[in-house]
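Asker: Below you'll find input-v5.cif; it's mmCIF, N, CA, C and O atoms.
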data_upload
#
loop_
_atom_site.label_atom_id
_atom_site.label_comp_id
_atom_site.auth_asym_id
_atom_site.auth_seq_id
_atom_site.Cartn_x
_atom_site.Cartn_y
_atom_site.Cartn_z
N MET A 1233 -7.43 -15.90 4.67
CA MET A 1233 -7.65 -16.08 3.26
C MET A 1233 -6.56 -16.94 2.64
O MET A 1233 -6.34 -16.89 1.44
N THR A 1234 -5.89 -17.70 3.45
CA THR A 1234 -4.83 -18.55 2.91
C THR A 1234 -5.38 -19.66 2.03
O THR A 1234 -4.65 -20.21 1.23
N GLU A 1235 -6.65 -20.00 2.18
CA GLU A 1235 -7.21 -21.07 1.37
C GLU A 1235 -7.76 -20.57 0.03
O GLU A 1235 -8.23 -21.37 -0.77
N PHE A 1236 -7.69 -19.29 -0.24
CA PHE A 1236 -8.15 -18.75 -1.52
C PHE A 1236 -7.18 -19.15 -2.63
O PHE A 1236 -5.98 -19.25 -2.40
N VAL A 1237 -7.72 -19.38 -3.83
CA VAL A 1237 -6.88 -19.77 -4.97
C VAL A 1237 -7.01 -18.73 -6.08
O VAL A 1237 -8.04 -18.07 -6.22
N THR A 1238 -5.97 -18.61 -6.90
CA THR A 1238 -5.99 -17.67 -8.01
C THR A 1238 -6.77 -18.26 -9.18
O THR A 1238 -6.49 -19.37 -9.61
N VAL A 1239 -7.74 -17.49 -9.67
CA VAL A 1239 -8.59 -17.93 -10.78
C VAL A 1239 -8.19 -17.24 -12.07
O VAL A 1239 -8.25 -17.83 -13.14
N ALA A 1240 -7.78 -15.98 -11.98
CA ALA A 1240 -7.42 -15.21 -13.18
C ALA A 1240 -6.44 -14.11 -12.79
O ALA A 1240 -6.35 -13.73 -11.62
N THR A 1241 -5.75 -13.60 -13.79
CA THR A 1241 -4.81 -12.50 -13.59
C THR A 1241 -5.09 -11.41 -14.62
O THR A 1241 -5.31 -11.71 -15.79
N PHE A 1242 -5.10 -10.16 -14.16
CA PHE A 1242 -5.38 -9.02 -15.01
C PHE A 1242 -4.20 -8.06 -14.96
O PHE A 1242 -3.48 -8.00 -13.97
N ASN A 1243 -4.02 -7.28 -16.03
CA ASN A 1243 -2.88 -6.36 -16.08
C ASN A 1243 -3.18 -4.98 -15.49
O ASN A 1243 -2.30 -4.35 -14.94
N PHE A 1244 -4.42 -4.51 -15.62
CA PHE A 1244 -4.74 -3.15 -15.21
C PHE A 1244 -6.03 -3.12 -14.39
O PHE A 1244 -6.90 -3.97 -14.54
N THR A 1245 -6.15 -2.09 -13.54
CA THR A 1245 -7.30 -2.00 -12.64
C THR A 1245 -8.61 -1.77 -13.37
O THR A 1245 -9.66 -2.20 -12.89
N HIS A 1246 -8.59 -1.13 -14.54
CA HIS A 1246 -9.85 -0.91 -15.24
C HIS A 1246 -10.46 -2.22 -15.72
O HIS A 1246 -11.66 -2.29 -15.97
N GLU A 1247 -9.67 -3.27 -15.83
CA GLU A 1247 -10.17 -4.56 -16.29
C GLU A 1247 -11.01 -5.28 -15.24
O GLU A 1247 -11.76 -6.20 -15.57
N ILE A 1248 -10.90 -4.88 -13.98
CA ILE A 1248 -11.59 -5.60 -12.92
C ILE A 1248 -12.82 -4.86 -12.39
O ILE A 1248 -13.53 -5.39 -11.55
N THR A 1249 -13.09 -3.68 -12.89
CA THR A 1249 -14.17 -2.85 -12.35
C THR A 1249 -15.53 -3.54 -12.46
O THR A 1249 -16.26 -3.65 -11.47
N ILE A 1250 -15.88 -4.00 -13.63
CA ILE A 1250 -17.18 -4.66 -13.83
C ILE A 1250 -17.22 -5.99 -13.09
O ILE A 1250 -18.23 -6.35 -12.49
N LEU A 1251 -16.12 -6.71 -13.10
CA LEU A 1251 -16.06 -8.00 -12.43
C LEU A 1251 -16.30 -7.87 -10.93
O LEU A 1251 -16.99 -8.71 -10.33
N LYS A 1252 -15.77 -6.83 -10.31
CA LYS A 1252 -16.01 -6.60 -8.87
C LYS A 1252 -17.50 -6.47 -8.59
O LYS A 1252 -18.00 -7.06 -7.63
N THR A 1253 -18.18 -5.71 -9.42
CA THR A 1253 -19.62 -5.50 -9.23
C THR A 1253 -20.38 -6.82 -9.36
O THR A 1253 -21.28 -7.10 -8.57
N ILE A 1254 -20.03 -7.62 -10.34
CA ILE A 1254 -20.71 -8.90 -10.55
C ILE A 1254 -20.47 -9.84 -9.37
O ILE A 1254 -21.40 -10.49 -8.87
N LEU A 1255 -19.23 -9.92 -8.92
CA LEU A 1255 -18.91 -10.81 -7.80
C LEU A 1255 -19.64 -10.38 -6.53
O LEU A 1255 -20.15 -11.23 -5.78
N GLU A 1256 -19.72 -9.09 -6.28
CA GLU A 1256 -20.45 -8.60 -5.11
C GLU A 1256 -21.93 -8.89 -5.23
O GLU A 1256 -22.59 -9.29 -4.26
N HIS A 1257 -22.49 -8.72 -6.43
CA HIS A 1257 -23.91 -9.01 -6.66
C HIS A 1257 -24.22 -10.48 -6.44
O HIS A 1257 -25.28 -10.84 -5.91
N GLU A 1258 -23.30 -11.36 -6.83
CA GLU A 1258 -23.48 -12.80 -6.67
C GLU A 1258 -23.18 -13.27 -5.24
O GLU A 1258 -23.42 -14.42 -4.91
N GLY A 1259 -22.61 -12.39 -4.43
CA GLY A 1259 -22.28 -12.76 -3.05
C GLY A 1259 -21.06 -13.66 -2.93
O GLY A 1259 -20.94 -14.43 -2.00
N ILE A 1260 -20.14 -13.55 -3.89
CA ILE A 1260 -18.94 -14.37 -3.90
C ILE A 1260 -17.80 -13.59 -3.22
O ILE A 1260 -17.43 -12.52 -3.69
N PRO A 1261 -17.24 -14.13 -2.14
CA PRO A 1261 -16.10 -13.46 -1.51
C PRO A 1261 -14.88 -13.55 -2.43
O PRO A 1261 -14.61 -14.59 -3.03
N TYR A 1262 -14.15 -12.45 -2.54
CA TYR A 1262 -13.01 -12.41 -3.45
C TYR A 1262 -11.93 -11.50 -2.90
O TYR A 1262 -12.15 -10.73 -1.97
N LEU A 1263 -10.75 -11.60 -3.51
CA LEU A 1263 -9.63 -10.74 -3.17
C LEU A 1263 -8.86 -10.47 -4.46
O LEU A 1263 -8.57 -11.39 -5.21
N PHE A 1264 -8.58 -9.19 -4.72
CA PHE A 1264 -7.72 -8.83 -5.85
C PHE A 1264 -6.35 -8.48 -5.27
O PHE A 1264 -6.17 -7.41 -4.70
N GLN A 1265 -5.41 -9.39 -5.41
CA GLN A 1265 -4.07 -9.18 -4.87
C GLN A 1265 -3.28 -8.25 -5.79
O GLN A 1265 -3.31 -8.40 -7.00
N ASN A 1266 -2.60 -7.28 -5.23
CA ASN A 1266 -1.80 -6.26 -5.91
C ASN A 1266 -2.64 -5.15 -6.53
O ASN A 1266 -2.10 -4.31 -7.25
N GLU A 1267 -3.93 -5.10 -6.27
CA GLU A 1267 -4.80 -4.08 -6.87
C GLU A 1267 -4.37 -2.67 -6.50
O GLU A 1267 -4.24 -1.80 -7.37
N ASN A 1268 -4.13 -2.40 -5.23
CA ASN A 1268 -3.77 -1.05 -4.80
C ASN A 1268 -2.41 -0.63 -5.34
O ASN A 1268 -2.22 0.50 -5.78
N LEU A 1269 -1.46 -1.53 -5.30
CA LEU A 1269 -0.12 -1.24 -5.81
C LEU A 1269 -0.17 -0.85 -7.28
O LEU A 1269 0.43 0.14 -7.70
N ILE A 1270 -0.92 -1.60 -8.06
CA ILE A 1270 -0.96 -1.35 -9.50
C ILE A 1270 -1.84 -0.14 -9.83
O ILE A 1270 -1.61 0.54 -10.83
N SER A 1271 -2.81 0.17 -8.98
CA SER A 1271 -3.60 1.38 -9.23
C SER A 1271 -2.75 2.64 -9.04
O SER A 1271 -2.98 3.65 -9.70
N VAL A 1272 -1.75 2.58 -8.17
CA VAL A 1272 -0.85 3.70 -7.95
C VAL A 1272 0.20 3.78 -9.06
O VAL A 1272 0.53 4.86 -9.55
N ASP A 1273 0.72 2.63 -9.48
CA ASP A 1273 1.76 2.58 -10.52
C ASP A 1273 1.41 1.50 -11.53
O ASP A 1273 1.80 0.34 -11.36
N PRO A 1274 0.65 1.84 -12.57
CA PRO A 1274 0.19 0.83 -13.54
C PRO A 1274 1.31 0.02 -14.19
O PRO A 1274 1.12 -1.14 -14.51
N LEU A 1275 2.48 0.60 -14.38
CA LEU A 1275 3.57 -0.15 -15.00
C LEU A 1275 4.15 -1.21 -14.06
O LEU A 1275 4.84 -2.12 -14.51
N ALA A 1276 3.84 -1.12 -12.78
CA ALA A 1276 4.28 -2.14 -11.83
C ALA A 1276 3.58 -3.47 -12.08
O ALA A 1276 4.03 -4.51 -11.61
N SER A 1277 2.50 -3.45 -12.83
CA SER A 1277 1.77 -4.67 -13.15
C SER A 1277 2.68 -5.71 -13.78
O SER A 1277 2.60 -6.89 -13.49
N PHE A 1278 3.55 -5.26 -14.65
CA PHE A 1278 4.45 -6.19 -15.33
C PHE A 1278 5.53 -6.73 -14.40
O PHE A 1278 5.96 -7.87 -14.53
N ALA A 1279 5.94 -5.91 -13.45
CA ALA A 1279 6.96 -6.34 -12.50
C ALA A 1279 6.40 -7.32 -11.46
O ALA A 1279 7.09 -8.25 -11.05
N TYR A 1280 5.15 -7.12 -11.06
CA TYR A 1280 4.56 -7.96 -10.01
C TYR A 1280 3.68 -9.08 -10.55
O TYR A 1280 3.10 -9.83 -9.79
N GLY A 1281 3.55 -9.17 -11.85
CA GLY A 1281 2.79 -10.28 -12.42
C GLY A 1281 1.31 -10.02 -12.52
O GLY A 1281 0.53 -10.95 -12.69
N GLY A 1282 0.88 -8.79 -12.39
CA GLY A 1282 -0.52 -8.44 -12.57
C GLY A 1282 -1.34 -8.47 -11.29
O GLY A 1282 -0.82 -8.62 -10.19
N ILE A 1283 -2.65 -8.35 -11.48
CA ILE A 1283 -3.61 -8.36 -10.38
C ILE A 1283 -4.26 -9.74 -10.36
O ILE A 1283 -4.92 -10.14 -11.31
N ASP A 1284 -4.06 -10.48 -9.28
CA ASP A 1284 -4.61 -11.83 -9.17
C ASP A 1284 -5.99 -11.80 -8.53
O ASP A 1284 -6.17 -11.22 -7.46
N LEU A 1285 -6.95 -12.44 -9.20
CA LEU A 1285 -8.28 -12.64 -8.62
C LEU A 1285 -8.24 -13.93 -7.83
O LEU A 1285 -7.99 -15.01 -8.38
N LYS A 1286 -8.48 -13.84 -6.53
CA LYS A 1286 -8.46 -15.01 -5.66
C LYS A 1286 -9.85 -15.22 -5.07
O LYS A 1286 -10.48 -14.27 -4.62
N VAL A 1287 -10.31 -16.47 -5.12
CA VAL A 1287 -11.60 -16.84 -4.57
C VAL A 1287 -11.46 -18.14 -3.79
O VAL A 1287 -10.47 -18.85 -3.92
N HIS A 1288 -12.49 -18.44 -3.02
CA HIS A 1288 -12.51 -19.70 -2.27
C HIS A 1288 -12.65 -20.86 -3.26
O HIS A 1288 -13.34 -20.73 -4.28
N PRO A 1289 -12.01 -21.99 -2.99
CA PRO A 1289 -12.09 -23.13 -3.91
C PRO A 1289 -13.52 -23.57 -4.25
O PRO A 1289 -13.78 -24.05 -5.35
N ASN A 1290 -14.46 -23.37 -3.33
CA ASN A 1290 -15.85 -23.75 -3.60
C ASN A 1290 -16.50 -22.87 -4.67
O ASN A 1290 -17.51 -23.26 -5.25
N ASP A 1291 -15.96 -21.69 -4.90
CA ASP A 1291 -16.55 -20.74 -5.86
C ASP A 1291 -15.83 -20.70 -7.21
O ASP A 1291 -16.22 -19.95 -8.09
N VAL A 1292 -14.81 -21.51 -7.38
CA VAL A 1292 -13.98 -21.44 -8.59
C VAL A 1292 -14.81 -21.67 -9.86
O VAL A 1292 -14.70 -20.92 -10.83
N LEU A 1293 -15.62 -22.70 -9.89
CA LEU A 1293 -16.40 -23.00 -11.10
C LEU A 1293 -17.37 -21.88 -11.44
O LEU A 1293 -17.52 -21.51 -12.61
N GLN A 1294 -18.04 -21.33 -10.44
CA GLN A 1294 -18.98 -20.24 -10.67
C GLN A 1294 -18.25 -19.00 -11.21
O GLN A 1294 -18.72 -18.36 -12.14
N VAL A 1295 -17.09 -18.69 -10.67
CA VAL A 1295 -16.32 -17.53 -11.13
C VAL A 1295 -15.80 -17.76 -12.54
O VAL A 1295 -15.82 -16.85 -13.37
N LYS A 1296 -15.37 -18.97 -12.84
CA LYS A 1296 -14.91 -19.26 -14.21
C LYS A 1296 -16.04 -19.10 -15.21
O LYS A 1296 -15.83 -18.63 -16.33
N ASP A 1297 -17.26 -19.49 -14.83
CA ASP A 1297 -18.42 -19.28 -15.70
C ASP A 1297 -18.66 -17.80 -15.94
O ASP A 1297 -18.94 -17.37 -17.06
N ILE A 1298 -18.55 -17.00 -14.89
CA ILE A 1298 -18.74 -15.55 -15.01
C ILE A 1298 -17.68 -14.97 -15.95
O ILE A 1298 -17.99 -14.17 -16.83
N LEU A 1299 -16.43 -15.39 -15.78
CA LEU A 1299 -15.35 -14.89 -16.64
C LEU A 1299 -15.56 -15.30 -18.09
O LEU A 1299 -15.33 -14.50 -19.00
N ASN A 1300 -16.01 -16.52 -18.32
CA ASN A 1300 -16.27 -16.98 -19.69
C ASN A 1300 -17.39 -16.18 -20.33
O ASN A 1300 -17.33 -15.88 -21.52
N ASN A 1301 -18.41 -15.85 -19.56
CA ASN A 1301 -19.53 -15.06 -20.09
C ASN A 1301 -19.10 -13.63 -20.42
O ASN A 1301 -19.63 -13.03 -21.34
N LEU A 1302 -18.14 -13.10 -19.68
CA LEU A 1302 -17.68 -11.74 -19.92
C LEU A 1302 -16.68 -11.64 -21.06
O LEU A 1302 -16.56 -10.59 -21.69
N SER A 1303 -15.98 -12.69 -21.35
CA SER A 1303 -14.85 -12.62 -22.29
C SER A 1303 -15.24 -12.27 -23.71
O SER A 1303 -14.47 -11.66 -24.43
N GLY A 1304 -16.44 -12.59 -24.14
CA GLY A 1304 -16.82 -12.32 -25.52
C GLY A 1304 -17.72 -11.12 -25.72
O GLY A 1304 -18.20 -10.87 -26.81
N LYS A 1305 -17.94 -10.35 -24.69
CA LYS A 1305 -18.87 -9.23 -24.77
C LYS A 1305 -18.19 -7.99 -25.33
O LYS A 1305 -17.27 -7.45 -24.73
N ASP A 1306 -18.65 -7.52 -26.49
CA ASP A 1306 -18.07 -6.32 -27.11
C ASP A 1306 -18.33 -5.07 -26.29
O ASP A 1306 -17.51 -4.17 -26.24
N GLU A 1307 -19.48 -4.99 -25.63
CA GLU A 1307 -19.81 -3.77 -24.89
C GLU A 1307 -18.95 -3.58 -23.65
O GLU A 1307 -18.96 -2.53 -23.04
N LEU A 1308 -18.19 -4.60 -23.25
CA LEU A 1308 -17.33 -4.48 -22.09
C LEU A 1308 -15.91 -4.10 -22.44
O LEU A 1308 -15.08 -3.88 -21.58
N LYS A 1309 -15.59 -4.03 -23.71
CA LYS A 1309 -14.23 -3.71 -24.13
C LYS A 1309 -13.96 -2.21 -23.99
O LYS A 1309 -14.81 -1.39 -24.28
N ILE A 1310 -12.79 -1.90 -23.53
CA ILE A 1310 -12.36 -0.51 -23.39
C ILE A 1310 -11.70 -0.09 -24.71
O ILE A 1310 -10.85 -0.77 -25.22
N VAL A 1311 -12.13 1.06 -25.26
CA VAL A 1311 -11.53 1.54 -26.51
C VAL A 1311 -10.66 2.73 -26.27
O VAL A 1311 -10.78 3.45 -25.37
#
Would you write out, as structure tokens, the structure that this file holds?
Answerer:
Amino acid sequence: MTEFVTVATFNFTHEITILKTILEHEGIPYLFQNENLISVDPLASFAYGGIDLKVHPNDVLQVKDILNNLSGKDELKIV
């Protein structure tokens, strides 16, 4: 997975839950770097720079479209 590139960074694991489901449904291979570490110690997110979403360069545009579609949805916000 050395050819995977970072597309987005998230601070907490609850922010990636819906995104994981969408990426799996679309058949896009992905990797969330630091996910396990931050799920154990959420404050470590700030020390390690967050959870990086990494995808293959061929999928970057499709993933960016998915992220843009999710960014304005009120029903996806955690209260």
Asker: Could you tell me how far atom N of Leu1285 in chain A sits from CA of Asn1243 in chain A, in Å to one decimal place?
Answerer: 10.0 Å
Asker: Enclose the full set of atoms of range 1243-1248 of chain A listed in the file within a box whose edges lie along x, y and z, apply 6 Å of padding to each of the six sides, and report centre and edge lengths in Å to one decimal as JSON.
Answerer:
{"center_x": -7.9, "center_y": -4.1, "center_z": -13.9, "size_x": 23.2, "size_y": 18.4, "size_z": 16.7}
Asker: Enumerate as number ranges by chain all residues of range 1239-1310 of chain A assigned to alpha helix (DSSP H) by DSSP on the backbone, naming them with the chain letters and numbers the document uses.
Answerer: A: 1249-1258, 1267-1272, 1276-1280, 1292-1303
Asker: Any chance you could resolve the PyMOL selection byres ((chain A and resi 1288) around 7) against this file and give the residues as a list in words?
Answerer: Glu1235, Phe1236, Val1237, Pro1261, Tyr1262, Lys1286, Val1287, Pro1289, Asn1290, Asp1291, Val1292 and Leu1293 of chain A
Asker: Return as a list in words the set of residues that the PyMOL selection byres ((chain A and resi 1244) around 8) yields on the displayed structure.
Answerer: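 Matching residues under the PyMOL selection byres ((chain A and resi 1244) around 8) are Thr1241, Phe1242, Asn1243, Thr1245, His1246, Glu1247, Ile1248, Thr1249, Glu1267, Ile1270, Ser1271, Pro1274, Ser1277, Gly1282 and Ile1283 of chain A.
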Asker: Please return as a list in words: the residues of chain A that backbone DSSP assigns to strand (DSSP E or B).
Answerer: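 Of chain A, the ones in strand (DSSP E or B) are Val1237, Thr1238, Val1239, Ala1240, Thr1241, Phe1242, Tyr1262, Leu1263, Phe1264, Gln1265, Ile1283, Asp1284, Leu1285, Lys1286 and Val1287 of chain A.
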Asker: My list of candidates is A:Ala1279, A:Phe1264, A:Val1272, A:Ser1303. Which is closest to Lys1252 in chain A when distances are computed with only C-alpha atoms?
Answerer: A:Phe1264
Asker: How far is it from CA of Asn1301 in chain A to CA of Gly1281 in chain A, in Å with one decimal?
Answerer: 24.1 Å
